[in-house]
>>> print(open('upload.cif').read())   # mmCIF, C-alpha atoms
data_protein
loop_
_atom_site.label_atom_id
_atom_site.label_comp_id
_atom_site.auth_asym_id
_atom_site.auth_seq_id
_atom_site.Cartn_x
_atom_site.Cartn_y
_atom_site.Cartn_z
CA SER F 318 0.00 0.00 0.00
CA ILE F 319 0.95 3.65 -0.31
CA SER F 320 0.06 6.84 1.57
CA VAL F 321 -1.00 9.73 -0.63
CA VAL F 322 -1.09 13.46 0.16
CA PHE F 323 -2.73 15.97 -2.17
CA ASP F 324 -2.47 19.74 -2.01
CA ASP F 325 -5.35 21.79 -0.63
CA HIS F 326 -6.60 22.73 -4.11
CA ILE F 327 -10.34 23.33 -4.46
CA TRP F 328 -12.59 22.65 -7.44
CA GLU F 329 -15.82 24.54 -6.91
CA ASN F 330 -18.95 22.94 -8.33
CA ALA F 331 -17.35 19.64 -9.28
CA LEU F 332 -19.56 17.44 -11.43
CA VAL F 333 -20.65 14.33 -9.54
CA ASN F 334 -22.74 11.45 -10.82
CA SER F 335 -25.49 10.46 -8.40
CA PRO F 336 -28.62 8.28 -8.61
CA ASP F 337 -30.57 11.49 -9.30
CA GLY F 338 -28.30 12.59 -12.15
CA VAL F 339 -25.35 15.00 -12.20
CA GLU F 340 -25.00 17.32 -9.20
CA GLU F 341 -22.43 19.93 -8.21
CA MET F 342 -20.26 19.67 -5.09
CA ASP F 343 -17.20 21.57 -3.88
CA LEU F 344 -14.20 19.25 -4.04
CA ILE F 345 -11.20 19.86 -1.78
CA TYR F 346 -8.56 17.45 -3.03
CA SER F 347 -7.09 16.82 0.42
CA TYR F 348 -10.36 15.05 1.30
CA PHE F 349 -8.88 12.17 -0.71
CA ASN F 350 -5.64 11.97 1.30
CA GLY F 351 -4.90 8.64 2.94
CA VAL F 352 -3.95 5.04 2.24
CA TYR F 353 -4.34 3.47 -1.20
CA VAL F 354 -3.97 -0.30 -1.68
CA LYS F 355 -2.76 -2.08 -4.80
CA ASN F 356 -5.84 -3.67 -6.35
CA GLY F 357 -5.57 -5.11 -9.86
CA THR F 358 -3.94 -3.60 -12.93
CA HIS F 359 -4.78 -1.23 -15.76
CA ASP F 360 -2.75 -0.81 -18.94
CA GLY F 361 -0.11 -3.08 -17.49
CA ARG F 362 0.47 -1.11 -14.28
CA PRO F 363 -0.88 -1.45 -10.73
CA VAL F 364 -4.14 0.21 -9.72
CA TYR F 365 -4.22 1.79 -6.24
CA THR F 366 -7.64 2.09 -4.56
CA GLU F 367 -8.54 4.51 -1.76
CA GLN F 368 -9.18 2.96 1.67
CA ASN F 369 -11.31 4.16 4.55
CA LYS F 370 -10.14 6.89 6.93
CA PHE F 371 -10.44 4.94 10.19
CA ASP F 372 -8.39 1.74 9.95
CA ASP F 373 -7.20 1.88 6.31
CA GLU F 374 -9.40 -1.04 5.25
CA ARG F 375 -11.64 -1.04 2.19
CA TYR F 376 -14.91 0.83 2.14
CA GLU F 377 -17.96 -1.40 2.38
CA HIS F 378 -20.45 0.97 0.78
CA LYS F 379 -18.53 3.90 -0.70
CA ILE F 380 -16.51 3.71 -3.91
CA GLY F 381 -12.89 4.67 -3.39
CA ALA F 382 -10.90 6.89 -5.73
CA LYS F 383 -8.18 5.30 -7.88
CA ILE F 384 -4.65 6.05 -9.02
CA GLN F 385 -3.75 4.22 -12.21
CA TYR F 386 -1.83 4.47 -15.46
CA CYS F 387 -3.67 5.39 -18.65
CA ASN F 388 -2.21 4.71 -22.07
CA GLU F 389 -4.48 7.30 -23.65
CA GLU F 390 -2.95 9.99 -21.42
CA LYS F 391 0.58 8.51 -21.39
CA ALA F 392 0.52 9.29 -17.67
CA TRP F 393 -0.48 8.19 -14.21
CA VAL F 394 -3.79 9.73 -13.13
CA PHE F 395 -5.92 10.24 -10.04
CA MET F 396 -9.61 9.68 -10.77
CA HIS F 397 -12.98 8.69 -9.38
CA GLU F 398 -15.56 6.95 -11.50
CA ASN F 399 -18.32 9.26 -10.25
CA ILE F 400 -16.50 12.60 -10.67
CA ARG F 401 -16.17 14.07 -14.15
CA LYS F 402 -14.58 17.21 -15.59
CA ASP F 403 -17.43 17.47 -18.10
CA ILE F 404 -20.68 15.59 -18.55
CA ASN F 405 -19.50 14.63 -22.03
CA THR F 406 -16.60 12.59 -20.57
CA ALA F 407 -19.00 10.06 -19.06
CA LYS F 408 -17.69 7.29 -21.32
CA SER F 409 -14.00 8.08 -20.85
CA ASP F 410 -11.84 5.23 -19.57
CA CYS F 411 -9.65 7.70 -17.64
CA PRO F 412 -11.62 10.76 -16.48
CA TRP F 413 -8.55 12.16 -14.71
CA LEU F 414 -8.63 14.82 -12.01
CA LEU F 415 -4.85 14.90 -11.56
CA ARG F 416 -2.38 13.79 -14.22
CA SER F 417 1.34 13.16 -14.00
CA PRO F 418 3.82 14.38 -16.62
CA ASP F 419 4.17 12.05 -19.60
CA THR F 420 5.89 8.86 -18.51
CA LYS F 421 6.23 5.18 -19.31
CA SER F 422 7.24 4.26 -15.76
CA PHE F 423 5.72 1.16 -14.20
CA ASN F 424 6.51 2.47 -10.70
CA LEU F 425 4.27 5.26 -9.43
CA LEU F 426 6.81 6.22 -6.77
CA GLU F 427 9.37 7.07 -9.46
CA VAL F 428 7.11 9.53 -11.26
CA ASP F 429 7.73 13.28 -11.03
CA SER F 430 5.71 14.75 -8.14
CA THR F 431 4.52 17.86 -10.01
CA TRP F 432 1.19 17.05 -11.65
CA ALA F 433 -1.52 18.84 -13.59
CA ILE F 434 -4.81 19.28 -11.71
CA TRP F 435 -8.37 20.05 -12.74
CA THR F 436 -10.04 22.88 -10.76
CA GLY F 437 -12.54 23.84 -13.44
CA ILE F 438 -9.55 24.54 -15.67
CA ILE F 439 -6.28 22.67 -16.09
CA THR F 440 -3.72 24.02 -13.62
CA THR F 441 -0.10 22.95 -13.45
CA GLY F 442 2.17 22.73 -10.44
CA ALA F 443 0.09 20.57 -8.10
CA THR F 444 2.18 18.47 -5.73
CA PHE F 445 1.44 14.75 -5.58
CA GLN F 446 3.12 12.93 -2.69
CA ALA F 447 3.09 9.13 -2.49
CA THR F 448 5.03 7.06 0.03
CA CYS F 449 5.37 3.30 0.25
CA ASN F 450 3.90 2.02 3.52
CA THR F 451 6.39 -0.84 3.84
CA CYS F 452 9.60 -0.14 5.72
CA ASP F 453 13.03 -1.65 5.07
CA SER F 454 14.96 -0.02 7.90
CA GLU F 455 14.61 2.10 11.03
CA ALA F 456 15.31 5.16 8.87
CA GLU F 457 11.92 4.62 7.20
CA CYS F 458 10.40 4.65 10.67
CA ASN F 459 12.05 8.06 11.15
CA TYR F 460 14.22 6.46 13.87
CA HIS F 461 11.13 6.58 16.09
CA GLY F 462 10.55 2.84 16.00
CA THR F 463 11.69 -0.56 14.83
CA CYS F 464 11.08 -1.96 11.35
CA THR F 465 9.74 -5.50 11.83
CA GLU F 466 8.75 -7.55 8.78
CA GLY F 467 8.07 -4.39 6.80
CA VAL F 468 5.98 -2.69 9.52
CA CYS F 469 7.10 0.14 11.82
CA ASP F 470 6.60 -0.60 15.53
CA CYS F 471 6.70 2.84 17.12
CA ASP F 472 8.67 3.43 20.31
CA LEU F 473 6.86 3.35 23.64
CA GLU F 474 7.35 5.28 26.86
CA VAL F 475 8.20 3.38 30.04
CA ASP F 476 4.53 3.61 31.08
CA GLY F 477 3.37 2.04 27.81
CA TYR F 478 2.23 5.15 25.94
CA ALA F 479 3.25 5.39 22.32
CA LYS F 480 5.84 8.10 21.79
CA TYR F 481 4.96 8.36 18.12
CA ALA F 482 2.12 7.46 15.77
CA GLY F 483 1.59 7.05 12.05
CA ILE F 484 2.53 4.35 9.55
CA HIS F 485 6.13 5.58 9.59
CA CYS F 486 6.05 6.79 13.23
CA GLN F 487 6.16 10.27 11.75
CA PHE F 488 3.87 11.97 14.25
CA PRO F 489 4.49 12.69 17.93
CA ARG F 490 1.58 11.16 19.80
CA PRO F 491 -1.28 13.63 19.95
CA CYS F 492 -2.43 15.48 23.00
CA LEU F 493 -5.32 13.58 24.59
CA ARG F 494 -7.05 16.64 26.04
CA VAL F 495 -6.88 20.09 24.48
CA ASN F 496 -8.12 23.40 25.87
CA GLY F 497 -9.30 26.32 23.76
CA THR F 498 -8.30 29.83 24.75
CA LYS F 499 -11.93 30.58 25.65
CA GLY F 500 -12.03 27.74 28.20
CA ASP F 501 -13.54 24.95 26.07
CA VAL F 502 -12.21 21.43 26.76
CA TRP F 503 -11.98 18.61 24.23
CA ASP F 504 -11.09 14.96 24.87
CA ILE F 505 -9.87 12.41 22.35
CA ILE F 506 -12.46 9.65 21.85
CA SER F 507 -11.99 5.94 22.41
CA ILE F 508 -14.06 3.39 20.52
CA THR F 509 -14.60 -0.33 21.19
CA ASN F 510 -14.65 -2.71 18.24
CA GLU F 511 -16.54 -6.00 17.84
CA GLU F 512 -13.75 -7.87 19.64
CA ASN F 513 -14.13 -5.49 22.63
CA GLU F 514 -10.71 -4.00 21.90
CA VAL F 515 -10.45 -0.32 22.82
CA THR F 516 -8.68 1.99 20.41
CA THR F 517 -8.79 5.64 19.44
CA TRP F 518 -11.36 6.77 16.93
CA LYS F 519 -9.34 8.19 14.05
CA ALA F 520 -10.17 10.12 10.90
CA TYR F 521 -7.46 10.55 8.29
CA GLY F 522 -4.89 9.17 10.72
CA ARG F 523 -5.68 11.65 13.52
CA GLY F 524 -7.64 11.16 16.70
CA VAL F 525 -11.20 12.54 16.90
CA TYR F 526 -11.99 14.86 19.83
CA MET F 527 -15.32 15.51 21.55
CA TYR F 528 -16.35 18.73 23.26
CA ASN F 529 -16.63 18.14 27.02
CA ARG F 530 -19.63 20.21 28.02
CA TRP F 531 -19.38 19.25 31.69
CA ILE F 532 -16.03 20.89 32.46
CA SER F 533 -15.82 23.56 29.76
CA LYS F 534 -16.11 27.24 30.68
CA GLU F 535 -16.98 28.15 27.10
CA ASN F 536 -20.55 27.26 26.17
CA HIS F 537 -20.78 26.10 22.57
CA ASP F 538 -24.56 25.89 22.99
CA VAL F 539 -24.72 22.22 22.07
CA PRO F 540 -28.19 20.84 22.88
CA LEU F 541 -28.29 17.97 25.35
CA GLY F 542 -28.08 14.70 23.49
CA ASP F 543 -26.08 16.21 20.63
CA GLY F 544 -22.32 16.10 20.19
CA LEU F 545 -19.66 18.47 18.87
CA LEU F 546 -16.66 16.68 17.37
CA LEU F 547 -13.28 17.97 16.27
CA LEU F 548 -12.15 15.78 13.40
CA TYR F 549 -9.43 15.94 10.76
CA SER F 550 -10.43 16.01 7.10
CA GLY F 551 -7.16 15.46 5.26
CA SER F 552 -5.66 18.93 5.73
CA ARG F 553 -7.95 20.87 8.10
CA TRP F 554 -9.68 20.28 11.42
CA PHE F 555 -13.47 20.63 11.39
CA GLY F 556 -15.68 21.45 14.38
CA THR F 557 -18.67 19.32 13.43
CA HIS F 558 -22.11 19.08 15.04
CA PHE F 559 -23.84 15.69 15.33
CA GLU F 560 -27.52 15.73 16.20
CA GLY F 561 -28.58 12.96 18.59
CA ALA F 562 -25.01 11.76 19.12
CA ASP F 563 -25.67 10.50 22.66
CA SER F 564 -28.43 8.17 21.50
CA LYS F 565 -26.33 6.43 18.87
CA GLY F 566 -24.71 3.19 19.99
CA ARG F 567 -21.35 1.59 19.35
CA ASP F 568 -22.44 -0.14 16.15
CA TYR F 569 -23.51 3.16 14.60
CA TRP F 570 -20.21 4.89 15.40
CA LEU F 571 -18.17 1.94 14.14
CA ARG F 572 -20.07 2.00 10.86
CA TYR F 573 -19.74 5.76 10.61
CA SER F 574 -16.01 5.78 11.37
CA ARG F 575 -15.33 3.10 8.76
CA GLU F 576 -17.46 4.79 6.06
CA MET F 577 -16.78 8.44 6.87
CA HIS F 578 -15.42 10.51 3.97
CA ALA F 579 -15.25 14.31 4.14
CA PHE F 580 -16.26 14.74 0.48
CA TRP F 581 -18.98 12.14 0.02
CA ASP F 582 -20.57 12.86 3.42
CA ARG F 583 -20.55 16.64 2.76
CA VAL F 584 -19.16 17.07 6.26
CA TYR F 585 -18.13 20.68 5.74
CA GLN F 586 -21.28 21.84 4.01
CA GLU F 587 -23.82 20.17 6.28
CA ASN F 588 -22.40 19.82 9.79
CA THR F 589 -19.34 22.02 10.33
CA ASN F 590 -19.42 25.19 12.47
CA PHE F 591 -15.71 26.09 12.58
CA VAL F 592 -12.57 25.15 10.68
CA SER F 593 -8.79 25.38 10.99
CA ASN F 594 -6.08 26.54 8.65
CA PRO F 595 -4.33 23.68 6.81
CA THR F 596 -2.02 21.66 9.07
CA SER F 597 -0.27 18.29 9.03
CA ARG F 598 0.07 17.92 12.80
CA SER F 599 -1.33 14.92 14.64
CA ASP F 600 -3.45 17.17 16.89
CA PRO F 601 -5.11 20.60 16.61
CA ILE F 602 -2.32 22.43 18.48
CA ALA F 603 -0.52 25.46 16.96
CA VAL F 604 -3.04 26.20 14.22
CA ASP F 605 -5.58 29.02 13.85
CA PHE F 606 -9.32 28.31 13.81
CA PHE F 607 -12.19 30.24 12.26
CA GLU F 608 -15.91 30.37 12.94
CA ILE F 609 -18.01 29.95 9.80
CA MET F 610 -20.20 33.05 9.91
CA GLN F 611 -22.04 32.86 6.60
CA ARG F 612 -22.13 30.68 3.53
CA GLY F 613 -22.88 31.57 -0.03
CA GLU F 614 -21.38 32.04 -3.46
CA LYS F 615 -19.93 35.48 -2.61
CA TYR F 616 -17.84 33.97 0.22
CA GLY F 617 -16.29 31.08 -1.71
CA PRO F 618 -16.32 27.37 -0.81
CA LEU F 619 -15.25 27.83 2.83
CA GLY F 620 -17.72 30.62 3.61
CA LYS F 621 -17.17 33.85 5.54
CA LEU F 622 -14.61 33.03 8.22
CA PHE F 623 -14.06 34.90 11.50
CA PRO F 624 -10.84 34.19 13.48
CA VAL F 625 -11.48 32.90 17.01
CA GLN F 626 -7.97 33.55 18.37
CA ASP F 627 -6.38 36.90 19.08
CA PRO F 628 -3.95 37.83 17.72
CA PRO F 629 -4.07 35.89 14.43
CA GLY F 630 -1.31 33.33 14.18
CA SER F 631 -1.37 32.51 17.90
CA GLY F 632 -3.30 29.22 17.53
CA TYR F 633 -6.49 28.39 19.44
CA PHE F 634 -5.78 25.14 21.31
CA GLU F 635 -3.11 24.18 23.79
CA CYS F 636 -2.31 20.74 25.19
CA SER F 637 -3.85 20.16 28.60
CA THR F 638 -3.15 16.44 29.07
CA LEU F 639 -0.65 14.39 27.10
CA ASN F 640 -0.98 11.20 29.16
CA MET F 641 -4.46 10.22 30.24
CA ARG F 642 -5.55 6.68 30.96
CA ILE F 643 -9.20 7.17 30.05
CA ASP F 644 -8.29 7.24 26.33
CA GLU F 645 -4.94 5.64 25.71
CA PHE F 646 -3.76 6.41 22.21
CA ILE F 647 -3.02 3.28 20.23
CA ALA F 648 -0.34 3.84 17.61
CA GLU F 649 -0.99 2.95 13.96
#
>>> encode(input="upload.cif", output="structure tokens")
Amino acid sequence: SISVVFDDHIWENALVNSPDGVEEMDLIYSYFNGVYVKNGTHDGRPVYTEQNKFDDERYEHKIGAKIQYCNEEKAWVFMHENIRKDINTAKSDCPWLLRSPDTKSFNLLEVDSTWAIWTGIITTGATFQATCNTCDSEAECNYHGTCTEGVCDCDLEVDGYAKYAGIHCQFPRPCLRVNGTKGDVWDIISITNEENEVTTWKAYGRGVYMYNRWISKENHDVPLGDGLLLLYSGSRWFGTHFEGADSKGRDYWLRYSREMHAFWDRVYQENTNFVSNPTSRSDPIAVDFFEIMQRGEKYGPLGKLFPVQDPPGSGYFECSTLNMRIDEFIAE
């Protein structure tokens, strides 16, 4: 498998095939960041298929994006069978959204990382980053773990906490409780699977946080029974409201975590109240956040944003608790 990172480019009003016909949705390419698994071949090269954002397994109900080689383009391409540049390309074998420079390479990882991208027009200079998820040495674990049979085992503290997380142990373990500058408190969420194993609920490789209404000084005015989650979406953190969260059981949240996708679930458009600047950190520390004041065409795809920290650039959250036994972080 490989891990893929796209830039934060936005295609407004992307054309999406749905059961009701063609509809328009705002596409932020980083929504498709994550793990892609080799799955078949096309034009003599491997096809890589997008996996879910929780445990990097295949989607059960959603259709993952693909990265494959196309002879007709003489290039590697990123594509999704239900997203088209134009309704007239419906029968195209390679309706690309990103396209590499011309190449005959059989190895995606050897291809130049500067690709063309479709954002309503063809734009050049997009960065495509792909990394093999198999390690050969401790160097590929960033010297933060041991490479064992191609898998990085991240270093642990004496008390058993993981020092680092990520497929290549590239992230310091995230803070388990974060405090906003206005007194709001957020705790990372644990989730129990069907085997009664407790792990951290992750989205796009980062832990998901829940607003703790009981000890927060800041009142986010979340109705009783509802939940406010802080989840990563590939490049930004979203503050997302979930109606009736308290009444939904374990099975619902397991299904949701395994099927969640920021683009296909319209998480930003339908549920999100505030959003961060782009960041690659493993937690929401040291990044500015913005309240979404108004939405509409005049404000662009992210809406009218109001900074919630003062001064700008100071970040909103700080780490309150790094080690906390109620939600032990389990490394990738």
>>> resolve_selection(input="upload.cif", expression="the PyMOL selection byres ((chain F and resi 524-534) around 7)", output="PDB file with C-alpha atoms, in the coordinates of the input")
ATOM      1  CA  GLY F 500     -12.030  27.740  28.200  1.00  0.00           C
ATOM      2  CA  ASP F 501     -13.540  24.950  26.070  1.00  0.00           C
ATOM      3  CA  VAL F 502     -12.210  21.430  26.760  1.00  0.00           C
ATOM      4  CA  TRP F 503     -11.980  18.610  24.230  1.00  0.00           C
ATOM      5  CA  ASP F 504     -11.090  14.960  24.870  1.00  0.00           C
ATOM      6  CA  ILE F 505      -9.870  12.410  22.350  1.00  0.00           C
ATOM      7  CA  ILE F 506     -12.460   9.650  21.850  1.00  0.00           C
ATOM      8  CA  THR F 517      -8.790   5.640  19.440  1.00  0.00           C
ATOM      9  CA  TRP F 518     -11.360   6.770  16.930  1.00  0.00           C
ATOM     10  CA  LYS F 519      -9.340   8.190  14.050  1.00  0.00           C
ATOM     11  CA  ALA F 520     -10.170  10.120  10.900  1.00  0.00           C
ATOM     12  CA  GLY F 522      -4.890   9.170  10.720  1.00  0.00           C
ATOM     13  CA  ARG F 523      -5.680  11.650  13.520  1.00  0.00           C
ATOM     14  CA  GLU F 535     -16.980  28.150  27.100  1.00  0.00           C
ATOM     15  CA  ASN F 536     -20.550  27.260  26.170  1.00  0.00           C
ATOM     16  CA  LEU F 545     -19.660  18.470  18.870  1.00  0.00           C
ATOM     17  CA  LEU F 546     -16.660  16.680  17.370  1.00  0.00           C
ATOM     18  CA  LEU F 547     -13.280  17.970  16.270  1.00  0.00           C
ATOM     19  CA  LEU F 548     -12.150  15.780  13.400  1.00  0.00           C
TER      20      LEU F 548
END
>>> residues_around(input="upload.cif", residues="F:Glu427", least_positions_apart="6", cutoff="12 Å", atoms="all atoms listed in the file", output="PDB file with C-alpha atoms, in the frame of the given file")
ATOM      1  CA  TRP F 393      -0.480   8.190 -14.210  1.00  0.00           C
ATOM      2  CA  SER F 417       1.340  13.160 -14.000  1.00  0.00           C
ATOM      3  CA  PRO F 418       3.820  14.380 -16.620  1.00  0.00           C
ATOM      4  CA  THR F 420       5.890   8.860 -18.510  1.00  0.00           C
ATOM      5  CA  LYS F 421       6.230   5.180 -19.310  1.00  0.00           C
ATOM      6  CA  PHE F 445       1.440  14.750  -5.580  1.00  0.00           C
ATOM      7  CA  GLN F 446       3.120  12.930  -2.690  1.00  0.00           C
ATOM      8  CA  ALA F 447       3.090   9.130  -2.490  1.00  0.00           C
ATOM      9  CA  THR F 448       5.030   7.060   0.030  1.00  0.00           C
ATOM     10  CA  CYS F 449       5.370   3.300   0.250  1.00  0.00           C
TER      11      CYS F 449
END
>>> resolve_selection(input="upload.cif", expression="the PyMOL selection byres ((chain F and resi 542) around 6)", output="list in words")
Leu541, Asp543, Gly561 and Asp563 of chain F
>>> resolve_selection(input="upload.cif", expression="the PyMOL selection byres ((chain F and resi 575-587) around 7)", output="list in words")
Leu344, Tyr348, Asn369, Lys370, Phe371, Tyr376, Lys379, Ser550, Leu571, Arg572, Tyr573, Ser574, Asn588 and Thr589 of chain F
>>> residues_around(input="upload.cif", residues="F:Gly338", least_positions_apart="2", cutoff="12 Å", atoms="only C-alpha atoms", output="CSV table (one decimal) with C-alpha atoms, keeping the file's coordinate frame")
chain,number,residue,atom,x,y,z
F,332,LEU,CA,-19.6,17.4,-11.4
F,333,VAL,CA,-20.6,14.3,-9.5
F,334,ASN,CA,-22.7,11.4,-10.8
F,335,SER,CA,-25.5,10.5,-8.4
F,336,PRO,CA,-28.6,8.3,-8.6
F,340,GLU,CA,-25.0,17.3,-9.2
F,341,GLU,CA,-22.4,19.9,-8.2
F,399,ASN,CA,-18.3,9.3,-10.2
F,400,ILE,CA,-16.5,12.6,-10.7
F,404,ILE,CA,-20.7,15.6,-18.6
F,407,ALA,CA,-19.0,10.1,-19.1
>>> axis_aligned_box(input="upload.cif", around="stretch 490-504 of chain F", padding_each_side="3 Å", output="AutoDock Vina command-line options")
--center_x -6.0 --center_y 20.9 --center_z 24.0 --size_x 21.1 --size_y 25.4 --size_z 14.4
>>> closest_residue(input="upload.cif", among="F:Arg612, F:Lys355, F:Arg416, F:Arg490", to="F:Lys391", atoms="all atoms listed in the file")
F:Arg416
>>> closest_residue(input="upload.cif", among="F:Lys565, F:Lys402, F:Arg598, F:His461", to="F:Arg553", atoms="all atoms listed in the file")
F:Arg598
>>> residues_around(input="upload.cif", residues="F:Ile484", least_positions_apart="3", cutoff="9 Å", atoms="all atoms listed in the file", output="JSON, numbers by chain")
{"F": [320, 450, 451, 458, 468, 469, 470, 471, 487, 522, 648, 649]}
>>> write_last_selection(input="upload.cif", atoms="C-alpha atoms", output="mmCIF file, in the coordinates of the input")
data_model
loop_
_atom_site.group_PDB
_atom_site.id
_atom_site.type_symbol
_atom_site.label_atom_id
_atom_site.label_comp_id
_atom_site.auth_asym_id
_atom_site.auth_seq_id
_atom_site.Cartn_x
_atom_site.Cartn_y
_atom_site.Cartn_z
ATOM 1 C CA SER F 320 0.060 6.840 1.570
ATOM 2 C CA ASN F 450 3.900 2.020 3.520
ATOM 3 C CA THR F 451 6.390 -0.840 3.840
ATOM 4 C CA CYS F 458 10.400 4.650 10.670
ATOM 5 C CA VAL F 468 5.980 -2.690 9.520
ATOM 6 C CA CYS F 469 7.100 0.140 11.820
ATOM 7 C CA ASP F 470 6.600 -0.600 15.530
ATOM 8 C CA CYS F 471 6.700 2.840 17.120
ATOM 9 C CA GLN F 487 6.160 10.270 11.750
ATOM 10 C CA GLY F 522 -4.890 9.170 10.720
ATOM 11 C CA ALA F 648 -0.340 3.840 17.610
ATOM 12 C CA GLU F 649 -0.990 2.950 13.960
#
>>> atom_distance(input="upload.cif", atom1="atom CA of F:Phe555", atom2="atom CA of F:Leu639")
21.2 Å
>>> closest_residue(input="upload.cif", among="F:Glu374, F:Pro618, F:Asn513, F:Thr596", to="F:Arg567", atoms="all atoms listed in the file")
F:Asn513
>>> closest_residue(input="upload.cif", among="F:Gly632, F:Pro363, F:Gly467, F:Gly544", to="F:Phe559", atoms="all atoms listed in the file")
F:Gly544
>>> closest_residue(input="upload.cif", among="F:Ile602, F:Val364, F:Ile380, F:Ala331", to="F:Arg494", atoms="all atoms listed in the file")
F:Ile602
>>> atom_distance(input="upload.cif", atom1="atom CA of F:Gly351", atom2="atom CA of F:Ile319")
8.3 Å
>>> atom_distance(input="upload.cif", atom1="atom CA of F:Thr509", atom2="atom CA of F:Glu474")
23.4 Å
>>> residues_around(input="upload.cif", residues="stretch 357-362 of chain F", least_positions_apart="5", cutoff="12 Å", atoms="only C-alpha atoms", output="ChimeraX atom specification")
/F:383-394,410-411,421-425
